[in-house]
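The next block is input-v6.txt, given as compact mmCIF, C-alpha atoms.
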# COMPACT_ATOMS: atom_id res chain seq x y z
CA MET R 1 -13.73 0.60 -11.52
CA LYS R 2 -14.79 3.69 -13.48
CA LEU R 3 -14.83 7.06 -11.77
CA GLY R 4 -17.99 9.17 -11.97
CA ARG R 5 -17.79 12.93 -12.51
CA ASN R 6 -18.68 13.63 -8.87
CA ASP R 7 -16.59 10.87 -7.28
CA PRO R 8 -13.51 11.84 -5.24
CA CYS R 9 -10.50 12.00 -7.55
CA HIS R 10 -8.13 9.04 -7.27
CA CYS R 11 -5.13 11.35 -6.88
CA GLY R 12 -6.10 12.13 -3.29
CA SER R 13 -6.54 15.87 -3.80
CA GLY R 14 -9.93 15.83 -2.11
CA LYS R 15 -11.57 17.36 -5.18
CA LYS R 16 -14.27 15.82 -7.33
CA TYR R 17 -12.96 14.00 -10.40
CA LYS R 18 -14.60 16.54 -12.75
CA GLN R 19 -12.72 19.36 -10.99
CA CYS R 20 -9.37 17.60 -10.94
CA CYS R 21 -7.79 14.94 -13.15
CA MET R 22 -10.81 14.73 -15.45
CA ASP R 23 -9.52 17.91 -17.05
CA LYS R 24 -6.27 16.16 -17.94
CA VAL R 25 -8.20 13.28 -19.48
CA SER R 26 -10.25 15.76 -21.50
CA LYS R 27 -7.07 17.31 -22.87
CA GLN R 28 -5.81 13.88 -23.90
CA GLN R 29 -9.12 13.18 -25.62
CA ALA R 30 -8.89 16.53 -27.42
CA GLN R 31 -5.46 15.54 -28.74
CA VAL R 32 -6.91 12.30 -30.10
CA PHE R 33 -9.70 14.19 -31.88
CA ASP R 34 -7.14 16.57 -33.34
CA ASP R 35 -5.36 13.56 -34.78
CA VAL R 36 -8.62 12.28 -36.25
CA GLU R 37 -9.40 15.68 -37.80
CA ALA R 38 -6.00 15.68 -39.45
CA MET R 39 -6.67 12.18 -40.77
CA LEU R 40 -10.07 13.26 -42.17
CA ALA R 41 -8.47 16.20 -43.90
CA MET R 42 -6.25 13.76 -45.75
CA ASN R 43 -9.01 11.13 -46.25
CA PRO R 44 -12.36 12.99 -46.54
CA HIS R 45 -14.27 9.96 -47.85
CA LEU R 46 -13.87 7.71 -44.82
CA THR R 47 -17.09 6.05 -43.58
CA LEU R 48 -18.35 6.41 -40.02
CA ASP R 49 -17.28 2.84 -39.23
CA GLU R 50 -13.80 3.53 -40.57
CA ILE R 51 -13.59 6.70 -38.49
CA ASN R 52 -14.62 4.79 -35.33
CA VAL R 53 -12.00 2.14 -35.97
CA ALA R 54 -9.34 4.81 -36.50
CA LEU R 55 -10.47 6.63 -33.33
CA GLN R 56 -10.26 3.47 -31.24
CA HIS R 57 -6.82 2.78 -32.67
CA LYS R 58 -5.62 6.27 -31.75
CA VAL R 59 -6.96 5.98 -28.18
CA GLN R 60 -5.37 2.56 -27.68
CA GLU R 61 -2.13 3.80 -29.16
CA ARG R 62 -1.93 6.69 -26.71
CA ASN R 63 -2.99 4.57 -23.73
CA ASN R 64 -0.28 2.02 -24.49
CA GLN R 65 2.56 4.50 -24.82
CA PRO R 66 4.96 4.71 -21.84
CA ASN R 67 4.35 7.90 -19.90
CA PRO R 68 7.53 9.55 -18.57
CA ASP R 69 5.56 11.08 -15.68
CA PHE R 70 4.67 7.51 -14.63
CA CYS R 71 8.31 6.38 -14.83
CA GLY R 72 7.55 4.62 -18.10
CA VAL R 73 4.29 2.94 -17.09
CA THR R 74 1.55 3.35 -19.69
CA PRO R 75 -1.84 4.90 -18.85
CA THR R 76 -3.41 1.46 -19.36
CA GLN R 77 -1.05 -0.11 -16.86
CA MET R 78 -1.48 2.71 -14.37
CA ALA R 79 -5.27 2.47 -14.60
CA ASN R 80 -5.04 -1.19 -13.64
CA TRP R 81 -2.81 -0.45 -10.66
CA LEU R 82 -5.10 2.35 -9.45
CA TYR R 83 -8.52 0.79 -9.97
CA ALA R 84 -8.35 -3.00 -10.41
CA PRO R 85 -9.42 -5.31 -7.57
CA PHE R 86 -6.59 -6.99 -5.71
CA ASP R 87 -6.98 -10.29 -7.56
CA GLU R 88 -7.09 -8.61 -10.98
CA LEU R 89 -3.82 -6.67 -10.82
CA GLN R 90 -1.66 -7.03 -13.92
CA TRP R 91 2.02 -6.54 -14.73
CA VAL R 92 2.86 -7.92 -11.30
CA THR R 93 2.84 -11.45 -9.91
CA LEU R 94 1.91 -11.80 -6.24
CA SER R 95 3.21 -14.97 -4.62
CA THR R 96 3.02 -16.38 -1.12
CA PRO R 97 6.61 -16.90 0.06
CA ASP R 98 7.53 -20.35 1.32
CA ASP R 99 9.21 -18.85 4.38
CA LEU R 100 7.20 -16.30 6.39
CA LEU R 101 9.41 -16.30 9.48
CA ALA R 102 10.83 -12.86 8.59
CA SER R 103 7.39 -11.19 8.54
CA PRO R 104 6.35 -9.67 11.88
CA VAL R 105 2.70 -9.51 10.77
CA MET R 106 2.51 -13.18 9.84
CA ARG R 107 4.44 -14.30 12.93
CA TYR R 108 2.10 -12.35 15.20
CA LEU R 109 -0.94 -13.77 13.43
CA THR R 110 0.46 -17.25 13.97
CA LEU R 111 0.71 -16.60 17.70
CA ILE R 112 -2.91 -15.40 17.81
CA LEU R 113 -4.20 -18.40 15.87
CA GLU R 114 -2.17 -20.86 17.95
CA GLU R 115 -3.55 -19.31 21.14
CA VAL R 116 -7.08 -19.74 19.81
CA MET R 117 -6.50 -23.35 18.76
CA GLU R 118 -4.84 -24.33 22.04
CA ASN R 119 -7.79 -22.97 24.00
CA GLY R 120 -10.56 -24.78 22.18
CA GLY R 121 -11.43 -22.08 19.66
CA SER R 122 -11.28 -18.91 21.71
CA PHE R 123 -9.35 -17.01 24.36
CA LYS R 124 -10.27 -14.20 26.71
CA ALA R 125 -9.54 -10.59 25.78
CA THR R 126 -8.53 -7.95 28.31
CA SER R 127 -11.12 -5.65 29.84
CA LYS R 128 -10.26 -3.12 27.11
CA GLY R 129 -10.74 -5.72 24.41
CA ASN R 130 -7.04 -6.19 23.71
CA LEU R 131 -4.90 -9.28 23.37
CA PRO R 132 -3.83 -10.80 26.74
CA ALA R 133 -0.48 -10.01 28.34
CA LYS R 134 0.78 -13.56 27.81
CA LEU R 135 0.43 -13.27 24.04
CA VAL R 136 1.91 -9.75 24.00
CA LYS R 137 4.97 -11.05 25.84
CA GLN R 138 5.37 -13.91 23.36
CA ALA R 139 5.14 -11.48 20.44
CA SER R 140 7.69 -9.12 22.03
CA SER R 141 10.16 -11.96 22.41
CA LEU R 142 10.22 -12.44 18.62
CA LEU R 143 11.91 -9.08 17.99
CA PRO R 144 15.52 -10.42 17.89
CA GLU R 145 14.48 -12.72 15.02
CA PHE R 146 13.46 -9.83 12.74
CA ALA R 147 15.81 -7.76 10.54
CA ILE R 148 14.48 -4.56 12.12
CA ALA R 149 16.06 -5.61 15.44
CA GLN R 150 19.35 -4.02 14.39
CA TYR R 151 17.73 -0.58 14.76
CA GLU R 152 15.62 -1.26 17.87
CA SER R 153 17.98 0.03 20.55
CA ASN R 154 15.23 1.55 22.71
CA ILE R 155 12.69 -1.21 23.31
CA SER R 156 10.45 1.05 25.39
CA ILE R 157 9.41 2.96 22.27
CA SER R 158 9.63 0.10 19.80
CA GLN R 159 6.89 -0.58 17.25
CA PHE R 160 7.72 -4.29 17.57
CA ALA R 161 7.57 -4.84 21.33
CA GLY R 162 5.54 -3.62 24.29
CA SER R 163 4.05 -4.42 27.66
CA ASN R 164 0.51 -4.40 26.27
CA GLU R 165 -1.19 -4.21 22.89
CA ASP R 166 -1.80 -0.45 23.18
CA ARG R 167 1.98 0.11 23.22
CA PHE R 168 2.80 -2.47 20.57
CA ASN R 169 1.76 -0.98 17.24
CA ALA R 170 2.83 -3.81 14.94
CA LEU R 171 0.91 -6.37 17.00
CA HIS R 172 -2.18 -4.18 17.23
CA TYR R 173 -1.99 -3.61 13.47
CA THR R 174 -1.90 -7.38 12.93
CA ARG R 175 -4.89 -8.02 15.15
CA VAL R 176 -6.92 -5.34 13.36
CA LEU R 177 -5.97 -6.78 9.95
CA GLY R 178 -6.95 -10.25 11.13
CA GLU R 179 -10.42 -8.95 11.98
CA ILE R 180 -10.77 -7.01 8.72
CA ALA R 181 -9.70 -10.05 6.72
CA GLY R 182 -12.38 -12.15 8.42
CA ILE R 183 -9.95 -14.53 10.12
CA ILE R 184 -10.63 -13.70 13.78
CA TYR R 185 -13.40 -11.86 15.58
CA ARG R 186 -14.23 -10.70 19.10
CA ARG R 187 -17.49 -11.64 20.81
CA SER R 188 -18.55 -11.68 24.45
CA GLY R 189 -15.10 -10.67 25.65
CA HIS R 190 -13.32 -13.46 23.76
CA TYR R 191 -11.37 -13.74 20.52
CA HIS R 192 -12.50 -16.49 18.18
CA ILE R 193 -11.29 -17.88 14.87
CA LYS R 194 -13.91 -18.31 12.15
CA LYS R 195 -14.69 -21.94 11.38
CA SER R 196 -13.69 -21.53 7.73
CA ALA R 197 -10.40 -19.96 8.81
CA GLN R 198 -9.80 -22.76 11.31
CA LYS R 199 -10.15 -25.37 8.57
CA LEU R 200 -7.75 -23.44 6.34
CA TYR R 201 -5.22 -23.13 9.11
CA GLN R 202 -5.38 -26.83 9.88
CA SER R 203 -4.93 -27.80 6.22
CA GLN R 204 -2.61 -25.10 4.86
CA GLY R 205 -1.06 -23.40 7.85
CA ILE R 206 -0.34 -19.67 8.14
CA HIS R 207 0.37 -19.43 4.39
CA ALA R 208 -3.38 -19.57 3.72
CA PHE R 209 -3.78 -16.09 5.19
CA PHE R 210 -0.88 -14.23 3.59
CA LYS R 211 -2.79 -12.86 0.60
CA PRO R 212 -6.05 -12.19 2.49
CA MET R 213 -4.10 -10.20 5.08
CA LEU R 214 -2.20 -8.33 2.38
CA GLU R 215 -5.41 -7.50 0.53
CA ALA R 216 -6.95 -6.18 3.74
CA ALA R 217 -3.85 -4.04 4.33
CA VAL R 218 -3.92 -2.31 0.94
CA SER R 219 -7.64 -2.03 0.27
CA GLN R 220 -9.60 -1.93 3.55
CA TYR R 221 -7.32 -0.89 6.41
CA ASN R 222 -7.20 2.84 7.19
CA TRP R 223 -3.56 3.87 6.71
CA GLY R 224 -4.09 6.96 8.86
CA TYR R 225 -5.20 4.90 11.88
CA PHE R 226 -2.06 5.47 13.96
CA ASP R 227 -1.35 9.13 13.23
CA GLY R 228 -2.93 12.51 13.79
CA PHE R 229 -2.44 14.21 10.45
CA GLU R 230 -5.32 16.61 9.76
CA GLN R 231 -4.99 16.16 6.00
CA ASP R 232 -6.35 12.70 5.29
CA VAL R 233 -4.73 11.90 1.96
CA ASP R 234 -5.42 8.32 0.91
CA LEU R 235 -2.18 6.78 -0.35
CA ARG R 236 -3.65 3.33 -0.90
CA PRO R 237 -4.49 3.82 -4.61
CA PHE R 238 -0.78 4.42 -5.25
CA TRP R 239 0.56 1.51 -3.18
CA LEU R 240 1.62 -0.72 -6.07
CA PHE R 241 3.23 2.12 -8.01
CA MET R 242 5.16 3.16 -4.88
CA LEU R 243 6.15 -0.43 -4.17
CA TRP R 244 7.47 -0.87 -7.70
CA ARG R 245 9.54 2.30 -7.45
CA ILE R 246 10.99 1.69 -3.97
CA GLN R 247 11.91 -1.85 -4.97
CA SER R 248 13.68 -0.43 -8.01
CA HIS R 249 15.86 2.29 -6.47
CA LYS R 250 15.37 1.97 -2.66
CA SER R 251 15.40 5.76 -2.14
CA VAL R 252 12.57 7.33 -0.14
CA ASP R 253 13.46 10.82 -1.36
CA LYS R 254 13.38 9.72 -4.99
CA LEU R 255 10.06 7.96 -4.35
CA ILE R 256 8.55 11.23 -3.08
CA GLU R 257 9.66 13.02 -6.24
CA GLU R 258 8.16 10.30 -8.44
CA VAL R 259 4.81 10.35 -6.64
CA ILE R 260 4.62 14.13 -7.00
CA ARG R 261 5.45 13.94 -10.69
CA ALA R 262 2.93 11.16 -11.33
CA PHE R 263 0.12 12.59 -9.15
CA PRO R 264 0.83 16.33 -8.72
CA ASP R 265 -2.69 17.18 -7.56
CA VAL R 266 -2.14 15.22 -4.36
CA LEU R 267 -0.26 18.28 -3.06
CA LEU R 268 -3.46 20.34 -3.26
CA ALA R 269 -4.79 18.53 -0.21
CA PHE R 270 -2.13 20.13 2.00
CA PRO R 271 -2.23 23.73 3.26
CA LYS R 272 0.10 26.33 1.83
CA GLY R 273 1.90 28.66 4.16
CA GLY R 274 1.77 26.17 7.03
CA TYR R 275 4.60 24.98 9.22
CA PHE R 276 5.61 22.50 6.52
CA SER R 277 5.39 22.71 2.76
CA PRO R 278 2.90 20.43 0.93
CA GLU R 279 5.88 18.43 -0.32
CA ARG R 280 7.11 17.95 3.24
CA TYR R 281 3.65 16.91 4.46
CA LEU R 282 3.45 14.31 1.70
CA SER R 283 6.94 13.08 2.52
CA MET R 284 5.99 12.54 6.17
CA LEU R 285 2.85 10.64 5.19
CA ILE R 286 4.66 8.32 2.82
CA GLN R 287 7.46 7.74 5.33
CA SER R 288 5.11 6.90 8.21
CA ARG R 289 2.16 5.22 6.49
CA PHE R 290 3.79 3.42 3.57
CA ILE R 291 7.42 2.83 4.53
CA GLU R 292 7.20 2.27 8.28
CA ARG R 293 3.67 1.05 9.01
CA PHE R 294 3.16 -1.02 5.90
CA LEU R 295 6.38 -2.26 4.33
CA GLN R 296 8.32 -2.47 7.58
CA PHE R 297 5.52 -4.06 9.62
CA TRP R 298 5.28 -6.78 6.99
CA GLY R 299 9.05 -7.33 6.89
CA PHE R 300 9.36 -6.25 3.26
CA ILE R 301 11.99 -3.58 4.00
CA ILE R 302 13.84 -2.01 6.90
CA ILE R 303 15.09 1.56 7.19
CA ASP R 304 17.38 3.31 9.63
CA PRO R 305 15.10 5.45 11.88
CA ARG R 306 17.89 7.92 12.61
CA ARG R 307 17.85 11.19 10.72
CA TYR R 308 21.40 12.34 11.51
CA LEU R 309 24.71 10.67 12.28
CA ASP R 310 27.62 12.76 13.58
CA GLY R 311 25.73 15.88 12.59
CA GLU R 312 25.22 14.78 8.99
CA PRO R 313 21.84 13.76 7.52
CA ILE R 314 21.44 10.05 6.81
CA PRO R 315 20.12 9.28 3.32
CA ARG R 316 16.68 7.71 3.50
CA ILE R 317 17.58 4.45 1.78
CA VAL R 318 15.60 1.29 2.51
CA GLN R 319 17.06 -2.18 2.73
CA VAL R 320 14.89 -4.42 0.58
CA GLN R 321 14.35 -7.78 2.26
CA PRO R 322 14.10 -11.15 0.48
CA LEU R 323 10.44 -11.37 1.49
CA LEU R 324 9.60 -8.43 -0.80
CA LYS R 325 11.30 -9.97 -3.81
CA HIS R 326 9.65 -13.33 -3.14
CA THR R 327 6.20 -11.71 -2.95
CA PHE R 328 6.21 -9.21 -5.82
CA GLN R 329 7.65 -9.82 -9.27
CA PHE R 330 7.00 -6.90 -11.63
CA THR R 331 6.88 -7.31 -15.41
CA ILE R 332 7.07 -3.63 -16.33
CA ASN R 333 9.65 -3.13 -19.10
Take the structure in the file and give it back as structure tokens.
Amino acid sequence: MKLGRNDPCHCGSGKKYKQCCMDKVSKQQAQVFDDVEAMLAMNPHLTLDEINVALQHKVQERNNQPNPDFCGVTPTQMANWLYAPFDELQWVTLSTPDDLLASPVMRYLTLILEEVMENGGSFKATSKGNLPAKLVKQASSLLPEFAIAQYESNISISQFAGSNEDRFNALHYTRVLGEIAGIIYRRSGHYHIKKSAQKLYQSQGIHAFFKPMLEAAVSQYNWGYFDGFEQDVDLRPFWLFMLWRIQSHKSVDKLIEEVIRAFPDVLLAFPKGGYFSPERYLSMLIQSRFIERFLQFWGFIIIDPRRYLDGEPIPRIVQVQPLLKHTFQFTIN
């Protein structure tokens, strides 16, 4: 996908591309032309075709050089991660794990689909349009089976349990993703499974929906759905870069630093002189939207929710789960 001059910049600054990162690209292009001018000074008799070939070579050479601001990823690689459709991503292999029992999202989806199948293709929603109490109770009972259970001491405020869907964020998230992915839908006060999805489920089981649900999560779902941040910075374009980095070093604080270095203009979306610094605002967004309500809901990582222990700050280090390693294999050198 190519950005137009007036399109919103991919960095999330809120500015138009021509007023933001386009300037950086222009500087890079100017450097290439400087190289060509130097070459012409040494070879004044080059033909136009020869100049074009040399120019293309220079551009490709620069685009394929590791960029230290991108932690060694080249501009070509980064462009793929930022703009390519989900099924055209390169330098990473996405696999469907054989065992999905550790994923809250996929376990909850299984419960929903089983409820539909057992009731002849549909089941009744609540008056508010939510999942019925019976299903919510079944989903809550799964919590001890998930790695996150070690940190869920107060079930009344848990993201992974609740008395109804409104108080059970991980389940609500799953239901919304299921609708976005075109697996289930609500009509006339009932939840239904699409006929095509029903056939897939009968032939392939829950594994058939792992990648469609993941694609919906990173490309269509609104990551700001659960929070009230006034600054709506879209982190989704950076999801694969952030995933690669957190899988590498497991440090949330280091991840924040790397995102700022790679995409510094993202800080421009946050107010200066507010209660928090732009860096702190970004840190809170990444912690809540990417770490907790994406990676943790899926069962890819877990992180200690406590900030202090015995008066001392707890390092924000994630515990990478086998499910993450089984799903994403990066081939970045």
* Give me the residues within 10 Å of region 174-184 of chain R as number ranges by chain, counting only C-alpha atoms and dropping any in the same chain fewer than 4 places off. => R: 104-109, 112-113, 116, 122, 130-131, 165, 169-170, 191-198, 200-201, 209, 211-217, 220-221, 297-298
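Restricting the calculation to only C-alpha atoms, the smallest distance between Asp265 (chain R) and any of R:Leu171, R:Val233, R:Leu142, R:Ala41 is found for R:Val233.
Residues lying within 8 Å of (17.6, 8.7, 4.9). Counted over all atoms listed in the file, they are Ser251, Val252, Asp253, Ile303, Asp304, Arg306, Arg307, Pro313, Ile314, Pro315, Arg316 and Ile317 of chain R.
Here CA of Leu243 (chain R) and CA of Tyr281 (chain R) stand 19.5 Å from one another.
Interatomic distance, CA of Pro305 (chain R) to CA of Glu292 (chain R): 9.2 Å.
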* Asked: Closest to Lys254 (chain R) among R:Cys71, R:Leu48, R:Glu118, R:Pro237, using all atoms listed in the file?
  -> R:Cys71
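Using all atoms listed in the file, the nearest neighbour of Glu114 (chain R) within the list R:His249, R:Asn43, R:His326, R:Ile206 is R:Ile206.
Going from CA of Phe294 (chain R) over to CA of Trp239 (chain R), you cover 9.8 Å.
Nearest-residue note for Leu267 (chain R): choosing from R:Asn154, R:Asp232, R:Ser188, R:Ser288, the minimum distance belongs to R:Asp232, counting only C-alpha atoms.
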* Asked: For Gln90 (chain R), which residue out of R:Ala149, R:Ala269, R:Leu240, R:Met42 is the nearest one, using all atoms listed in the file?
  -> R:Leu240
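Shortest separation to Lys128 (chain R) among R:Asp69, R:Asp34, R:Asp166, R:Asp49 occurs at residue R:Asp166, atoms counted being all atoms listed in the file.
Within 9 Å of Ser219 (chain R), once only C-alpha atoms are used and residues closer than 6 positions along the same chain are dropped, the contacting residues are Pro85, Phe86, Arg236 and Pro237 of chain R.
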Store the residues of this selection in a file with C-alpha atoms, as a PDB file, in the coordinates of the input.
ATOM      1  CA  PRO R  85      -9.420  -5.310  -7.570  1.00  0.00           C
ATOM      2  CA  PHE R  86      -6.590  -6.990  -5.710  1.00  0.00           C
ATOM      3  CA  ARG R 236      -3.650   3.330  -0.900  1.00  0.00           C
ATOM      4  CA  PRO R 237      -4.490   3.820  -4.610  1.00  0.00           C
TER       5      PRO R 237
END
* To do: Select all residues near (5.2, 13.0, -9.0) (cut-off 12 Å, inclusive, file coordinates), counting all atoms listed in the file, and output them as a PyMOL selection string.
  => chain R and resi 11+68-71+238+241-242+245+253-267+279+282-283
Reconstructed all heavy atoms for region 285-295 of chain R, given as a short mmCIF file (atom, residue, chain, number, x, y, z; two decimals), keeping the file's coordinate frame:
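Output file result_1.cif is given in full below:
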data_model
loop_
_atom_site.label_atom_id
_atom_site.label_comp_id
_atom_site.auth_asym_id
_atom_site.auth_seq_id
_atom_site.Cartn_x
_atom_site.Cartn_y
_atom_site.Cartn_z
N LEU R 285 3.89 11.65 5.31
CA LEU R 285 2.85 10.64 5.19
C LEU R 285 3.38 9.35 4.57
O LEU R 285 3.09 8.25 5.04
CB LEU R 285 1.68 11.17 4.34
CG LEU R 285 0.69 12.13 4.99
CD1 LEU R 285 -0.48 12.39 4.05
CD2 LEU R 285 0.17 11.59 6.30
N ILE R 286 4.12 9.50 3.50
CA ILE R 286 4.66 8.32 2.82
C ILE R 286 5.65 7.60 3.73
O ILE R 286 5.66 6.36 3.80
CB ILE R 286 5.31 8.71 1.48
CG1 ILE R 286 4.22 9.16 0.50
CG2 ILE R 286 6.12 7.56 0.90
CD1 ILE R 286 4.75 9.64 -0.84
N GLN R 287 6.48 8.35 4.43
CA GLN R 287 7.46 7.74 5.33
C GLN R 287 6.76 6.95 6.43
O GLN R 287 7.11 5.80 6.71
CB GLN R 287 8.34 8.82 5.96
CG GLN R 287 9.26 8.33 7.07
CD GLN R 287 10.61 7.88 6.61
OE1 GLN R 287 11.07 8.27 5.54
NE2 GLN R 287 11.27 7.05 7.40
N SER R 288 5.74 7.55 7.06
CA SER R 288 5.11 6.90 8.21
C SER R 288 4.11 5.83 7.78
O SER R 288 4.11 4.72 8.33
CB SER R 288 4.42 7.94 9.10
OG SER R 288 3.42 8.63 8.38
N ARG R 289 3.25 6.14 6.82
CA ARG R 289 2.16 5.22 6.49
C ARG R 289 2.58 4.10 5.55
O ARG R 289 2.13 2.96 5.70
CB ARG R 289 0.99 6.00 5.87
CG ARG R 289 0.34 6.97 6.81
CD ARG R 289 -0.84 7.69 6.17
NE ARG R 289 -1.49 8.60 7.10
CZ ARG R 289 -2.56 9.33 6.81
NH1 ARG R 289 -3.08 9.27 5.59
NH2 ARG R 289 -3.09 10.12 7.72
N PHE R 290 3.42 4.42 4.58
CA PHE R 290 3.79 3.42 3.57
C PHE R 290 5.07 2.68 3.94
O PHE R 290 5.11 1.45 3.94
CB PHE R 290 3.94 4.09 2.21
CG PHE R 290 4.40 3.17 1.11
CD1 PHE R 290 3.58 2.13 0.68
CD2 PHE R 290 5.64 3.32 0.52
CE1 PHE R 290 3.99 1.27 -0.33
CE2 PHE R 290 6.06 2.46 -0.48
CZ PHE R 290 5.23 1.44 -0.91
N ILE R 291 6.12 3.44 4.26
CA ILE R 291 7.42 2.83 4.53
C ILE R 291 7.43 2.11 5.88
O ILE R 291 7.75 0.92 5.97
CB ILE R 291 8.54 3.88 4.50
CG1 ILE R 291 8.63 4.53 3.10
CG2 ILE R 291 9.88 3.25 4.89
CD1 ILE R 291 9.03 3.59 1.99
N GLU R 292 7.05 2.82 6.94
CA GLU R 292 7.20 2.27 8.28
C GLU R 292 6.05 1.36 8.69
O GLU R 292 6.29 0.26 9.21
CB GLU R 292 7.35 3.42 9.29
CG GLU R 292 8.62 4.25 9.08
CD GLU R 292 8.69 5.47 9.98
OE1 GLU R 292 7.77 5.63 10.82
OE2 GLU R 292 9.65 6.25 9.85
N ARG R 293 4.81 1.80 8.47
CA ARG R 293 3.67 1.05 9.01
C ARG R 293 3.01 0.14 7.98
O ARG R 293 1.94 -0.41 8.27
CB ARG R 293 2.66 2.02 9.62
CG ARG R 293 3.24 2.83 10.79
CD ARG R 293 2.14 3.36 11.69
NE ARG R 293 1.16 4.14 10.97
CZ ARG R 293 1.22 5.45 10.80
NH1 ARG R 293 2.23 6.14 11.31
NH2 ARG R 293 0.28 6.09 10.14
N PHE R 294 3.60 0.01 6.83
CA PHE R 294 3.16 -1.02 5.90
C PHE R 294 4.34 -1.92 5.55
O PHE R 294 4.43 -3.05 6.03
CB PHE R 294 2.54 -0.41 4.64
CG PHE R 294 2.24 -1.42 3.56
CD1 PHE R 294 1.55 -2.59 3.86
CD2 PHE R 294 2.65 -1.22 2.26
CE1 PHE R 294 1.28 -3.54 2.87
CE2 PHE R 294 2.38 -2.15 1.26
CZ PHE R 294 1.69 -3.31 1.57
N LEU R 295 5.29 -1.42 4.79
CA LEU R 295 6.38 -2.26 4.33
C LEU R 295 7.21 -2.83 5.47
O LEU R 295 7.61 -4.00 5.45
CB LEU R 295 7.28 -1.46 3.38
CG LEU R 295 6.64 -0.97 2.07
CD1 LEU R 295 7.69 -0.31 1.19
CD2 LEU R 295 5.95 -2.10 1.32
#
